[in-house]
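Note: the block below is start17.cif and it holds mmCIF, C-alpha atoms.
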```
data_data
loop_
_atom_site.label_atom_id
_atom_site.label_comp_id
_atom_site.auth_asym_id
_atom_site.auth_seq_id
_atom_site.Cartn_x
_atom_site.Cartn_y
_atom_site.Cartn_z
CA MET A 1 0.00 0.00 0.00
CA ALA A 2 1.29 3.45 -0.87
CA LYS A 3 -0.19 6.93 -0.92
CA ILE A 4 0.00 8.27 -4.45
CA ILE A 5 -0.48 11.99 -5.01
CA TYR A 6 -2.18 12.79 -8.31
CA LYS A 7 -1.91 16.43 -9.33
CA ASP A 8 -3.60 17.97 -12.34
CA TYR A 9 -2.00 20.62 -14.53
CA GLN A 10 -3.71 23.37 -12.56
CA GLY A 11 -2.21 22.18 -9.31
CA ASN A 12 -5.28 20.51 -7.74
CA SER A 13 -4.21 17.35 -6.03
CA LYS A 14 -5.82 14.16 -4.73
CA THR A 15 -4.12 11.57 -2.58
CA ILE A 16 -5.18 7.97 -3.06
CA GLU A 17 -4.07 4.84 -1.24
CA VAL A 18 -3.18 2.38 -3.95
CA GLU A 19 -2.59 -1.31 -3.34
CA ASN A 20 0.80 -2.80 -4.06
CA GLY A 21 0.98 -4.46 -7.44
CA LEU A 22 -1.46 -2.12 -9.14
CA SER A 23 -0.09 0.43 -11.58
CA VAL A 24 -0.32 4.15 -10.94
CA MET A 25 -2.64 4.20 -13.99
CA GLU A 26 -4.99 1.61 -12.45
CA GLY A 27 -4.98 3.53 -9.17
CA ALA A 28 -6.19 6.55 -11.09
CA ILE A 29 -8.83 4.77 -13.19
CA GLN A 30 -10.32 2.92 -10.21
CA ASN A 31 -10.61 6.14 -8.26
CA ASP A 32 -11.95 8.36 -11.04
CA ILE A 33 -8.88 10.56 -11.24
CA LEU A 34 -9.40 12.73 -14.30
CA GLY A 35 -6.53 13.42 -16.65
CA ILE A 36 -5.49 9.81 -17.22
CA ASP A 37 -7.30 8.20 -20.16
CA ALA A 38 -5.47 4.87 -20.57
CA ASP A 39 -7.17 4.13 -23.89
CA CYS A 40 -5.23 0.91 -24.52
CA GLY A 41 -5.82 -0.43 -21.02
CA GLY A 42 -2.17 -0.62 -20.00
CA SER A 43 -0.53 -2.43 -22.88
CA MET A 44 1.96 0.38 -23.54
CA ALA A 45 0.35 1.06 -26.87
CA CYS A 46 -1.18 4.51 -26.64
CA ALA A 47 0.55 7.08 -24.36
CA THR A 48 -2.73 8.39 -22.92
CA CYS A 49 -1.76 7.62 -19.31
CA HIS A 50 1.21 9.95 -19.58
CA VAL A 51 2.30 11.69 -16.35
CA TYR A 52 5.15 13.88 -15.16
CA VAL A 53 6.88 12.40 -12.15
CA GLU A 54 8.19 14.77 -9.49
CA GLU A 55 11.96 14.95 -10.01
CA ASN A 56 13.16 13.34 -6.76
CA TRP A 57 10.81 10.47 -7.32
CA PHE A 58 11.66 10.12 -11.00
CA ASN A 59 15.14 8.80 -10.23
CA LYS A 60 13.85 6.30 -7.68
CA LEU A 61 11.61 4.54 -10.18
CA THR A 62 12.68 1.51 -12.15
CA LYS A 63 14.05 2.88 -15.43
CA ALA A 64 11.67 2.98 -18.37
CA GLU A 65 12.31 0.34 -20.99
CA ASP A 66 12.92 1.30 -24.63
CA ALA A 67 9.36 0.57 -25.71
CA GLU A 68 8.02 2.94 -23.07
CA VAL A 69 10.42 5.73 -24.04
CA ASP A 70 9.44 5.28 -27.70
CA MET A 71 5.80 5.49 -26.74
CA ILE A 72 6.42 8.66 -24.71
CA ASP A 73 7.60 10.26 -27.98
CA MET A 74 3.95 10.01 -28.98
CA ALA A 75 2.61 11.60 -25.80
CA TYR A 76 1.16 15.09 -25.51
CA GLU A 77 3.99 17.48 -24.51
CA PRO A 78 6.52 14.99 -23.19
CA LYS A 79 9.23 16.24 -20.84
CA LYS A 80 12.38 14.83 -19.27
CA ASN A 81 10.38 13.50 -16.31
CA SER A 82 7.64 11.91 -18.41
CA ARG A 83 6.52 8.36 -17.72
CA LEU A 84 3.57 6.17 -18.67
CA SER A 85 1.66 5.60 -15.45
CA CYS A 86 0.68 2.09 -16.56
CA GLN A 87 4.33 1.12 -16.22
CA ILE A 88 4.82 2.37 -12.65
CA ILE A 89 3.87 -0.47 -10.33
CA VAL A 90 2.98 0.53 -6.78
CA ARG A 91 5.02 -0.86 -3.87
CA ASP A 92 5.56 0.29 -0.27
CA GLU A 93 8.69 2.25 -1.19
CA LEU A 94 6.64 4.51 -3.47
CA ASP A 95 4.62 5.90 -0.55
CA GLY A 96 4.23 9.62 -1.25
CA LEU A 97 4.91 9.39 -5.00
CA GLU A 98 3.75 12.53 -6.75
CA VAL A 99 2.65 12.52 -10.39
CA THR A 100 1.21 15.37 -12.42
CA THR A 101 -1.12 14.82 -15.35
CA PRO A 102 -0.59 16.90 -18.50
CA GLU A 103 -3.13 19.45 -19.69
CA LYS A 104 -4.60 16.77 -21.94
CA GLN A 105 -3.73 13.30 -23.14
CA SER A 106 -4.46 13.59 -26.85
CA MET B 107 -28.21 2.32 -50.61
CA LYS B 108 -26.93 -1.14 -49.77
CA LYS B 109 -29.13 -3.49 -47.78
CA THR B 110 -27.71 -6.15 -45.53
CA ASP B 111 -28.47 -8.01 -42.30
CA VAL B 112 -25.80 -6.47 -40.11
CA ILE B 113 -23.56 -3.43 -40.42
CA ILE B 114 -20.33 -3.99 -38.51
CA ILE B 115 -18.42 -0.88 -37.51
CA GLY B 116 -14.77 -1.72 -36.94
CA ALA B 117 -12.58 -4.30 -38.68
CA GLY B 118 -10.54 -5.29 -35.63
CA PRO B 119 -10.45 -8.90 -34.38
CA VAL B 120 -13.88 -8.62 -32.80
CA GLY B 121 -15.50 -7.11 -35.90
CA LEU B 122 -13.94 -9.86 -38.01
CA PHE B 123 -15.11 -12.65 -35.74
CA ALA B 124 -18.58 -11.08 -35.77
CA VAL B 125 -18.64 -11.78 -39.53
CA HIS B 126 -17.98 -15.43 -38.71
CA GLN B 127 -20.62 -15.77 -36.02
CA LEU B 128 -23.21 -14.07 -38.24
CA GLY B 129 -22.08 -15.98 -41.31
CA ILE B 130 -22.57 -19.42 -39.80
CA LYS B 131 -26.10 -18.33 -38.90
CA GLY B 132 -26.69 -17.40 -42.51
CA LEU B 133 -26.58 -13.64 -41.97
CA LYS B 134 -24.87 -11.22 -44.35
CA ALA B 135 -22.75 -8.38 -43.06
CA VAL B 136 -20.71 -5.43 -44.29
CA VAL B 137 -17.68 -4.13 -42.41
CA ILE B 138 -16.72 -0.46 -42.26
CA ASP B 139 -13.41 0.82 -40.89
CA ASN B 140 -11.59 4.13 -40.85
CA LEU B 141 -8.19 2.50 -41.37
CA ASP B 142 -6.97 1.37 -44.78
CA LYS B 143 -6.79 -2.28 -43.73
CA ALA B 144 -8.44 -4.80 -41.44
CA GLY B 145 -6.99 -5.58 -38.02
CA GLY B 146 -7.72 -2.54 -35.88
CA GLN B 147 -5.43 -2.03 -32.90
CA CYS B 148 -3.77 -5.40 -33.61
CA ILE B 149 -2.47 -4.15 -36.91
CA GLU B 150 -2.01 -0.48 -36.10
CA LEU B 151 -0.55 -0.60 -32.61
CA TYR B 152 1.18 -3.92 -32.25
CA PRO B 153 1.50 -5.86 -35.54
CA ASP B 154 4.77 -7.47 -34.39
CA LYS B 155 4.05 -7.89 -30.70
CA PRO B 156 3.13 -11.38 -29.56
CA ILE B 157 -0.27 -12.14 -28.02
CA TYR B 158 -0.34 -15.08 -25.63
CA ASP B 159 -3.96 -15.32 -24.55
CA ILE B 160 -5.92 -16.40 -27.58
CA PRO B 161 -7.38 -19.80 -26.65
CA ALA B 162 -5.53 -22.69 -28.33
CA VAL B 163 -3.03 -20.30 -29.92
CA PRO B 164 -0.03 -20.24 -27.56
CA GLU B 165 1.56 -17.30 -29.34
CA CYS B 166 0.80 -15.14 -32.34
CA THR B 167 1.38 -11.55 -33.40
CA GLY B 168 -1.34 -9.00 -34.04
CA GLU B 169 -0.71 -9.36 -37.74
CA GLU B 170 -0.94 -13.16 -37.67
CA LEU B 171 -4.15 -13.05 -35.69
CA THR B 172 -5.68 -10.69 -38.24
CA LYS B 173 -4.58 -12.91 -41.14
CA ARG B 174 -6.08 -15.99 -39.53
CA LEU B 175 -9.37 -14.27 -38.81
CA LEU B 176 -9.57 -13.06 -42.41
CA GLU B 177 -8.88 -16.63 -43.53
CA GLN B 178 -11.61 -17.93 -41.24
CA ILE B 179 -14.24 -15.58 -42.69
CA LYS B 180 -13.27 -16.03 -46.34
CA PRO B 181 -16.24 -18.35 -47.08
CA PHE B 182 -18.66 -15.51 -46.34
CA LYS B 183 -17.26 -13.20 -49.04
CA THR B 184 -17.92 -10.14 -46.93
CA GLU B 185 -17.68 -6.65 -48.38
CA PHE B 186 -15.25 -4.33 -46.58
CA TYR B 187 -15.52 -0.57 -46.76
CA LEU B 188 -12.12 0.67 -45.63
CA ASN B 189 -10.87 4.24 -45.25
CA GLU B 190 -14.42 5.15 -44.35
CA ARG B 191 -15.75 6.53 -41.16
CA VAL B 192 -19.37 6.16 -40.11
CA GLU B 193 -20.72 9.64 -39.56
CA GLU B 194 -24.44 9.20 -39.08
CA VAL B 195 -26.80 6.59 -37.75
CA HIS B 196 -30.54 7.03 -37.78
CA PRO B 197 -33.59 4.79 -37.60
CA GLU B 198 -36.07 4.08 -40.38
CA LYS B 199 -38.94 1.90 -39.24
CA GLU B 200 -37.41 -1.43 -38.14
CA ASN B 201 -34.07 -0.63 -39.76
CA TRP B 202 -31.01 1.49 -39.20
CA ILE B 203 -29.48 3.72 -41.85
CA VAL B 204 -25.76 4.32 -41.69
CA LYS B 205 -23.92 7.01 -43.65
CA THR B 206 -20.17 7.27 -44.05
CA ASN B 207 -17.92 10.23 -44.75
CA ASN B 208 -17.60 8.91 -48.34
CA LYS B 209 -21.37 9.23 -48.74
CA GLU B 210 -21.91 5.48 -48.79
CA GLU B 211 -25.27 4.45 -47.35
CA PHE B 212 -26.26 1.19 -45.76
CA MET B 213 -29.49 -0.18 -44.36
CA ALA B 214 -29.85 -3.08 -41.94
CA PRO B 215 -31.92 -4.15 -38.95
CA ASN B 216 -28.73 -4.53 -36.91
CA ILE B 217 -25.52 -2.63 -36.25
CA ILE B 218 -22.62 -4.11 -34.30
CA ILE B 219 -20.23 -1.47 -33.04
CA ALA B 220 -16.85 -3.12 -32.59
CA GLY B 221 -15.00 0.14 -32.66
CA GLY B 222 -12.25 -0.46 -30.10
CA VAL B 223 -11.46 2.89 -28.58
CA GLY B 224 -12.73 4.78 -31.61
CA SER B 225 -11.10 5.63 -34.88
CA PHE B 226 -7.41 6.26 -35.33
CA GLU B 227 -6.29 9.76 -36.09
CA PRO B 228 -2.83 11.27 -36.26
CA ARG B 229 -1.67 12.92 -33.07
CA LYS B 230 -1.17 16.60 -33.75
CA VAL B 231 1.45 19.20 -32.90
CA SER B 232 0.62 20.41 -29.41
CA LEU B 233 0.96 24.06 -30.41
CA LYS B 234 -2.52 25.53 -30.90
CA GLU B 235 -1.39 28.06 -33.52
CA CYS B 236 -0.58 25.17 -35.87
CA GLU B 237 -4.29 24.47 -36.36
CA LYS B 238 -4.89 27.33 -38.75
CA PHE B 239 -2.13 26.04 -41.04
CA GLU B 240 -3.36 22.46 -40.99
CA GLY B 241 -3.73 21.05 -44.49
CA LYS B 242 -1.96 24.13 -45.90
CA SER B 243 1.49 23.99 -44.37
CA VAL B 244 1.08 21.58 -41.46
CA PHE B 245 0.60 17.92 -42.42
CA TYR B 246 0.50 14.55 -40.68
CA ALA B 247 0.87 12.41 -43.78
CA VAL B 248 2.34 12.79 -47.24
CA ARG B 249 -0.25 12.10 -49.89
CA ASN B 250 1.57 13.52 -52.87
CA LYS B 251 5.34 13.90 -52.78
CA ASP B 252 5.31 16.48 -55.57
CA ASN B 253 3.79 19.06 -53.25
CA PHE B 254 6.87 18.79 -51.08
CA LYS B 255 9.46 19.68 -53.74
CA ASN B 256 11.96 22.54 -53.29
CA LYS B 257 10.69 23.55 -49.87
CA ASN B 258 12.05 24.03 -46.40
CA ILE B 259 10.49 21.20 -44.46
CA SER B 260 10.63 20.67 -40.71
CA ILE B 261 9.86 17.08 -39.81
CA PHE B 262 8.97 16.18 -36.23
CA GLY B 263 9.30 12.73 -34.70
CA GLY B 264 11.83 10.02 -33.98
CA GLY B 265 10.28 6.85 -35.37
CA ASP B 266 10.11 5.10 -38.72
CA SER B 267 7.68 7.45 -40.45
CA ALA B 268 9.66 10.56 -39.53
CA LEU B 269 12.96 8.99 -40.61
CA ASP B 270 11.65 7.48 -43.84
CA TRP B 271 10.09 10.74 -44.98
CA ALA B 272 13.18 12.74 -43.99
CA LEU B 273 15.28 10.52 -46.26
CA GLU B 274 12.79 10.49 -49.10
CA LEU B 275 12.03 14.22 -49.16
CA SER B 276 15.71 15.18 -48.75
CA LYS B 277 16.13 14.20 -52.40
CA PHE B 278 14.51 17.45 -53.45
CA SER B 279 13.99 19.62 -50.38
CA LYS B 280 15.85 21.02 -47.41
CA ILE B 281 14.95 18.91 -44.41
CA THR B 282 15.27 19.65 -40.72
CA LEU B 283 14.51 16.64 -38.56
CA ILE B 284 13.46 17.59 -35.04
CA HIS B 285 13.11 15.17 -32.15
CA ARG B 286 12.59 15.65 -28.43
CA ARG B 287 15.47 13.32 -27.47
CA ASP B 288 18.76 12.39 -29.07
CA GLU B 289 17.84 8.85 -29.94
CA PHE B 290 16.02 7.79 -33.08
CA ARG B 291 14.19 4.52 -33.47
CA GLY B 292 14.52 3.03 -36.91
CA ALA B 293 16.09 0.31 -39.00
CA GLN B 294 19.90 0.31 -38.87
CA HIS B 295 20.35 1.14 -42.56
CA THR B 296 17.88 4.02 -42.23
CA LEU B 297 19.84 5.45 -39.32
CA SER B 298 23.19 5.21 -41.12
CA GLU B 299 21.70 6.78 -44.23
CA LEU B 300 20.38 9.59 -42.06
CA ARG B 301 23.82 10.26 -40.56
CA LYS B 302 25.37 10.18 -44.02
CA LEU B 303 22.90 12.76 -45.36
CA GLU B 304 23.50 14.89 -42.29
CA LYS B 305 27.26 14.93 -43.03
CA GLU B 306 26.52 15.87 -46.62
CA GLY B 307 24.44 18.78 -45.40
CA LYS B 308 21.18 17.47 -46.89
CA ILE B 309 19.42 16.86 -43.61
CA PHE B 310 19.77 18.98 -40.49
CA ILE B 311 19.13 17.14 -37.26
CA LYS B 312 17.99 18.94 -34.12
CA THR B 313 17.49 16.89 -30.99
CA SER B 314 16.53 17.42 -27.35
CA CYS B 315 14.18 20.18 -28.41
CA GLN B 316 10.52 20.79 -29.11
CA ILE B 317 8.46 23.28 -31.05
CA ASP B 318 8.02 26.54 -29.17
CA SER B 319 6.25 28.84 -31.62
CA ILE B 320 5.50 29.37 -35.29
CA GLU B 321 5.73 32.56 -37.29
CA GLY B 322 3.77 33.69 -40.31
CA GLU B 323 0.51 35.46 -41.03
CA LYS B 324 -1.13 33.99 -44.11
CA GLU B 325 1.68 31.58 -44.84
CA LEU B 326 3.99 29.74 -42.53
CA LYS B 327 7.40 31.45 -42.55
CA SER B 328 9.41 29.92 -39.76
CA ILE B 329 9.24 27.92 -36.57
CA THR B 330 11.10 28.38 -33.31
CA ILE B 331 12.29 25.37 -31.40
CA LYS B 332 13.35 25.31 -27.80
CA TYR B 333 16.11 23.08 -26.49
CA ASP B 334 16.00 21.35 -23.11
CA ASP B 335 18.62 23.83 -21.83
CA GLY B 336 16.32 26.75 -22.66
CA LYS B 337 18.07 27.98 -25.82
CA THR B 338 15.88 28.69 -28.82
CA GLU B 339 16.48 28.54 -32.54
CA LYS B 340 14.50 29.87 -35.48
CA ILE B 341 14.24 27.67 -38.58
CA SER B 342 12.74 28.97 -41.79
CA THR B 343 9.99 26.55 -42.70
CA ASP B 344 7.44 26.23 -45.50
CA PHE B 345 5.97 22.93 -44.33
CA ILE B 346 5.73 21.16 -41.01
CA LEU B 347 5.33 17.39 -41.07
CA GLY B 348 4.43 15.78 -37.75
CA PHE B 349 4.81 12.05 -37.07
CA PHE B 350 3.74 11.54 -33.48
CA GLY B 351 1.84 8.33 -34.01
CA LEU B 352 -1.88 7.79 -33.83
CA ILE B 353 -4.44 8.49 -31.18
CA MET B 354 -7.87 6.99 -30.86
CA LYS B 355 -10.85 9.30 -31.03
CA LEU B 356 -14.34 8.12 -30.25
CA GLY B 357 -15.63 10.54 -32.89
CA PRO B 358 -19.29 10.61 -34.00
CA ILE B 359 -20.24 7.46 -32.01
CA ALA B 360 -20.71 9.69 -28.97
CA GLU B 361 -23.57 11.49 -30.75
CA TRP B 362 -25.79 8.54 -31.61
CA GLY B 363 -27.84 8.71 -28.44
CA LEU B 364 -26.33 5.59 -26.88
CA ASN B 365 -25.90 5.33 -23.13
CA MET B 366 -22.23 5.93 -22.49
CA ASP B 367 -19.90 5.37 -19.57
CA LYS B 368 -16.92 7.66 -20.21
CA LYS B 369 -15.67 6.50 -23.61
CA THR B 370 -17.46 3.15 -23.60
CA ILE B 371 -20.99 2.08 -24.55
CA GLU B 372 -23.19 0.44 -21.95
CA VAL B 373 -24.64 -2.90 -23.02
CA ASN B 374 -26.86 -5.65 -21.70
CA PRO B 375 -24.48 -8.59 -21.14
CA GLU B 376 -27.14 -11.09 -22.20
CA ASN B 377 -27.03 -10.04 -25.84
CA PHE B 378 -24.71 -7.01 -25.93
CA GLU B 379 -27.47 -4.76 -27.11
CA THR B 380 -27.20 -1.06 -26.27
CA ASN B 381 -30.12 1.08 -25.14
CA LYS B 382 -31.16 1.24 -28.82
CA LYS B 383 -32.85 -1.88 -30.16
CA GLY B 384 -30.75 -3.45 -32.89
CA ILE B 385 -27.55 -1.58 -32.05
CA PHE B 386 -25.00 -3.78 -30.36
CA ALA B 387 -21.54 -3.04 -29.01
CA ALA B 388 -18.76 -5.56 -28.48
CA GLY B 389 -15.05 -5.62 -27.74
CA ASP B 390 -13.12 -2.83 -26.04
CA ILE B 391 -15.84 -0.28 -26.69
CA CYS B 392 -18.57 -1.94 -24.62
CA SER B 393 -18.99 -1.85 -20.88
CA TYR B 394 -20.92 -4.02 -18.43
CA PRO B 395 -20.18 -5.24 -14.92
CA GLY B 396 -16.94 -7.19 -14.89
CA LYS B 397 -15.95 -6.27 -18.45
CA LEU B 398 -12.41 -7.28 -19.43
CA LYS B 399 -10.79 -5.65 -22.45
CA LEU B 400 -9.53 -8.91 -23.90
CA ILE B 401 -9.81 -10.11 -27.47
CA LEU B 402 -11.30 -13.37 -26.25
CA SER B 403 -14.03 -11.48 -24.37
CA GLY B 404 -14.90 -9.68 -27.59
CA PHE B 405 -15.25 -13.03 -29.37
CA HIS B 406 -17.74 -14.19 -26.76
CA GLU B 407 -19.62 -10.91 -26.95
CA VAL B 408 -20.19 -11.08 -30.73
CA ALA B 409 -21.23 -14.72 -30.50
CA LEU B 410 -24.09 -13.71 -28.22
CA ALA B 411 -24.90 -10.54 -30.14
CA SER B 412 -25.18 -12.55 -33.36
CA VAL B 413 -28.08 -14.57 -31.90
CA GLU B 414 -30.09 -11.42 -31.23
CA CYS B 415 -29.13 -10.11 -34.69
CA PHE B 416 -30.58 -13.28 -36.19
CA LYS B 417 -33.88 -12.82 -34.37
CA ARG B 418 -34.18 -9.27 -35.68
CA ALA B 419 -33.07 -10.05 -39.23
CA ARG B 420 -35.24 -13.19 -39.56
CA PRO B 421 -38.29 -12.44 -37.43
CA ASN B 422 -40.27 -15.26 -39.07
CA GLU B 423 -37.67 -17.95 -38.51
CA LYS B 424 -36.90 -19.78 -35.33
CA TYR B 425 -33.31 -19.55 -34.12
CA ARG B 426 -31.74 -22.97 -33.68
CA PHE B 427 -28.52 -23.40 -31.75
CA GLU B 428 -26.10 -25.59 -33.68
CA PHE B 429 -22.53 -26.87 -33.46
CA THR B 430 -20.13 -26.37 -36.35
CA THR B 431 -18.89 -29.95 -35.92
CA SER B 432 -22.28 -31.52 -36.56
CA SER B 433 -24.43 -29.03 -38.47
CA ARG B 434 -24.73 -29.75 -42.18
CA THR B 435 -26.17 -26.27 -42.74
CA ILE B 436 -23.21 -24.53 -41.13
CA GLN B 437 -20.75 -26.73 -43.00
CA ASP B 438 -22.45 -25.78 -46.26
CA ARG B 439 -22.13 -22.12 -45.37
CA LEU B 440 -18.45 -22.67 -44.69
CA GLY B 441 -18.09 -24.35 -48.08
CA LYS B 442 -17.16 -27.72 -46.53
CA LYS B 443 -18.11 -30.90 -48.32
#
```
Please, can you express the file's structure as structure tokens?
Amino acid sequence: MAKIIYKDYQGNSKTIEVENGLSVMEGAIQNDILGIDADCGGSMACATCHVYVEENWFNKLTKAEDAEVDMIDMAYEPKKNSRLSCQIIVRDELDGLEVTTPEKQS
Amino acid sequence: MKKTDVIIIGAGPVGLFAVHQLGIKGLKAVVIDNLDKAGGQCIELYPDKPIYDIPAVPECTGEELTKRLLEQIKPFKTEFYLNERVEEVHPEKENWIVKTNNKEEFMAPNIIIAGGVGSFEPRKVSLKECEKFEGKSVFYAVRNKDNFKNKNISIFGGGDSALDWALELSKFSKITLIHRRDEFRGAQHTLSELRKLEKEGKIFIKTSCQIDSIEGEKELKSITIKYDDGKTEKISTDFILGFFGLIMKLGPIAEWGLNMDKKTIEVNPENFETNKKGIFAAGDICSYPGKLKLILSGFHEVALASVECFKRARPNEKYRFEFTTSSRTIQDRLGKK
């Protein structure tokens, strides 16, 4: 279990307790967090669950694999700290993880 | 206007298997899809990626799955209307009329929407100002190469399409290839060719940067890109070509009066009918309690929907459940002797 902080592009934030083993994307979808579309359902095929990860946290995450980085090329306004939230799997160590959703996903 | 028993919207795996389930019941269908080929997400998003959860098929790619489904429905000689998007759906007595953007018209008592997450459209440049130049100097595909001769062209993207067009158009235009990171993803020979043309001064490569603004009143004059370190650079540009992949847009489906749950259509899980009689939804686009977005779930959904389609298309006949292994009628329909 970890508290995940979902912020939108205007700075509004919601903190959700997400079970270990779920992805940050699933945590958002199950709790009606707006700003994450996840059109492909988590198969790393669409880049509509794109988030910006707060810098300190970004380096603590397991590195994105090539396919994810390629997919982020397709995201709306990607940045250096962009990740696909379907690829961030929640575990205890991620308690307090802060992600910001972009202005839109497509 | 073409009359048929069922209009299938979407030529993905679920739409294709719908043809089969209807076909063995003796129903005719037409299939309409916005893409230029059958296969849907399987062919557009992951043609080479393996799928491991198709029953009795331990492993196959999206492309193989599509090929096999097309093979399986061959006996039914179904008409496909590709590169067409359904724009309008309206009722006429017991039937539905469907109109596409190519002005094709269809009439049938049933519609099965197997539209995945909607139709594929190119993802656009995030800069709003680009909109007014779209189709004039901002493009997301090259339809006719001749229009791109002797121009200053800024190409965005780091994948195959961006690289291939950079190479091709560099034969007769000045190309600047712009990518947000310093790594390109393409075939080895494409990448070496790119580096060679860069050395020869035919292609200019700008990486770790993104579009910041565009300049020009009536016509596009230049673009300004911004590097990760904050520096900017102006590049004189006649045409922008963006290759950021495809996104899925629900499109007109949202306006047909169907009960929706976010981007999905609510259905009755007994027959996958929507709130409109004779309009069904199956595959990723439908929602009901416990819905799983799996290809195999879509197969089940169209099997059940096809029964209800039969009842509506053949109101005077009794539906009889039959097995393909033992039914002479089905085997005839499949062309088996």
(request) Taking the file above as input, evaluate the PyMOL selection byres ((chain A and resi 62) around 12) and report the hits as a PyMOL selection string. (result) chain A and resi 57-61+63-65+68+83+87-91+93-94
I'd like a table as a tab-separated table: residues in chain A with an atom no more than 10 Å from chain B, each row giving the shortest atom pair and its distance in Å to one decimal, only C-alpha atoms counted, sorted by chain and rising residue number.
```
residue	atom	partner	partner_atom	distance
A:Asp37	CA	B:Lys369	CA	9.2
A:Asp39	CA	B:Val223	CA	6.5
A:Cys40	CA	B:Val223	CA	7.7
A:Gly41	CA	B:Lys399	CA	7.3
A:Ser43	CA	B:Tyr152	CA	9.6
A:Met44	CA	B:Leu151	CA	9.5
A:Ala45	CA	B:Leu151	CA	6.0
A:Cys46	CA	B:Ile353	CA	6.9
A:Ala47	CA	B:Ile353	CA	8.6
A:Thr48	CA	B:Ile353	CA	8.4
A:Asp66	CA	B:Arg291	CA	9.5
A:Ala67	CA	B:Arg291	CA	10.0
A:Val69	CA	B:Arg287	CA	9.7
A:Asp70	CA	B:Arg291	CA	7.5
A:Met71	CA	B:Gly351	CA	8.8
A:Ile72	CA	B:Phe350	CA	9.6
A:Asp73	CA	B:Phe350	CA	6.8
A:Met74	CA	B:Phe350	CA	4.8
A:Ala75	CA	B:Phe350	CA	7.8
A:Tyr76	CA	B:Ser232	CA	6.6
A:Glu77	CA	B:Ser232	CA	6.6
A:Pro78	CA	B:Arg286	CA	8.0
A:Lys79	CA	B:Arg286	CA	8.3
A:Lys80	CA	B:Asp334	CA	8.4
A:Lys104	CA	B:Ser232	CA	9.8
A:Gln105	CA	B:Ile353	CA	9.4
A:Ser106	CA	B:Ile353	CA	6.7
```
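Counting from CA of Lys143 in chain B, the distance to CA of Gly292 in chain B is 23.0 Å.
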(request) Pick out the residues sitting within 8 Å of Thr184 in chain B, and hand them over as a PyMOL selection string; count all atoms listed in the file, and ignore anything fewer than 4 positions along from it in its own chain. (result) chain B and resi 125+134-137+179-180
(request) Can you work out the spacing between CA of Thr206 in chain B and CA of Asp139 in chain B in Å, to one decimal? (result) 9.9 Å
Could range 73-85 of chain A be completed with N, CA and C atoms and written as a short mmCIF file (atom, residue, chain, number, x, y, z; two decimals), in the coordinates of the input, please?
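Saved result, selection26.cif, follows:
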```cif
data_model
loop_
_atom_site.label_atom_id
_atom_site.label_comp_id
_atom_site.auth_asym_id
_atom_site.auth_seq_id
_atom_site.Cartn_x
_atom_site.Cartn_y
_atom_site.Cartn_z
N ASP A 73 7.44 9.35 -26.82
CA ASP A 73 7.60 10.26 -27.98
C ASP A 73 6.25 10.67 -28.55
N MET A 74 5.27 9.78 -28.39
CA MET A 74 3.95 10.01 -28.98
C MET A 74 3.01 10.75 -28.01
N ALA A 75 3.49 10.99 -26.80
CA ALA A 75 2.61 11.60 -25.80
C ALA A 75 2.40 13.09 -26.07
N TYR A 76 1.40 13.66 -25.41
CA TYR A 76 1.16 15.09 -25.51
C TYR A 76 2.18 15.81 -24.63
N GLU A 77 2.97 16.69 -25.22
CA GLU A 77 3.99 17.48 -24.51
C GLU A 77 4.85 16.67 -23.54
N PRO A 78 5.63 15.75 -24.08
CA PRO A 78 6.52 14.99 -23.19
C PRO A 78 7.65 15.87 -22.63
N LYS A 79 8.09 15.54 -21.45
CA LYS A 79 9.23 16.24 -20.84
C LYS A 79 10.24 15.21 -20.36
N LYS A 80 11.32 15.72 -19.76
CA LYS A 80 12.38 14.83 -19.27
C LYS A 80 11.86 13.87 -18.19
N ASN A 81 10.89 14.34 -17.41
CA ASN A 81 10.38 13.50 -16.31
C ASN A 81 9.06 12.82 -16.67
N SER A 82 8.86 12.58 -17.97
CA SER A 82 7.64 11.91 -18.41
C SER A 82 7.73 10.41 -18.20
N ARG A 83 6.62 9.81 -17.79
CA ARG A 83 6.52 8.36 -17.72
C ARG A 83 5.10 7.97 -18.13
N LEU A 84 4.93 6.70 -18.48
CA LEU A 84 3.57 6.17 -18.67
C LEU A 84 3.15 5.57 -17.33
N SER A 85 2.03 6.04 -16.80
CA SER A 85 1.66 5.60 -15.45
C SER A 85 1.28 4.13 -15.40
#
```
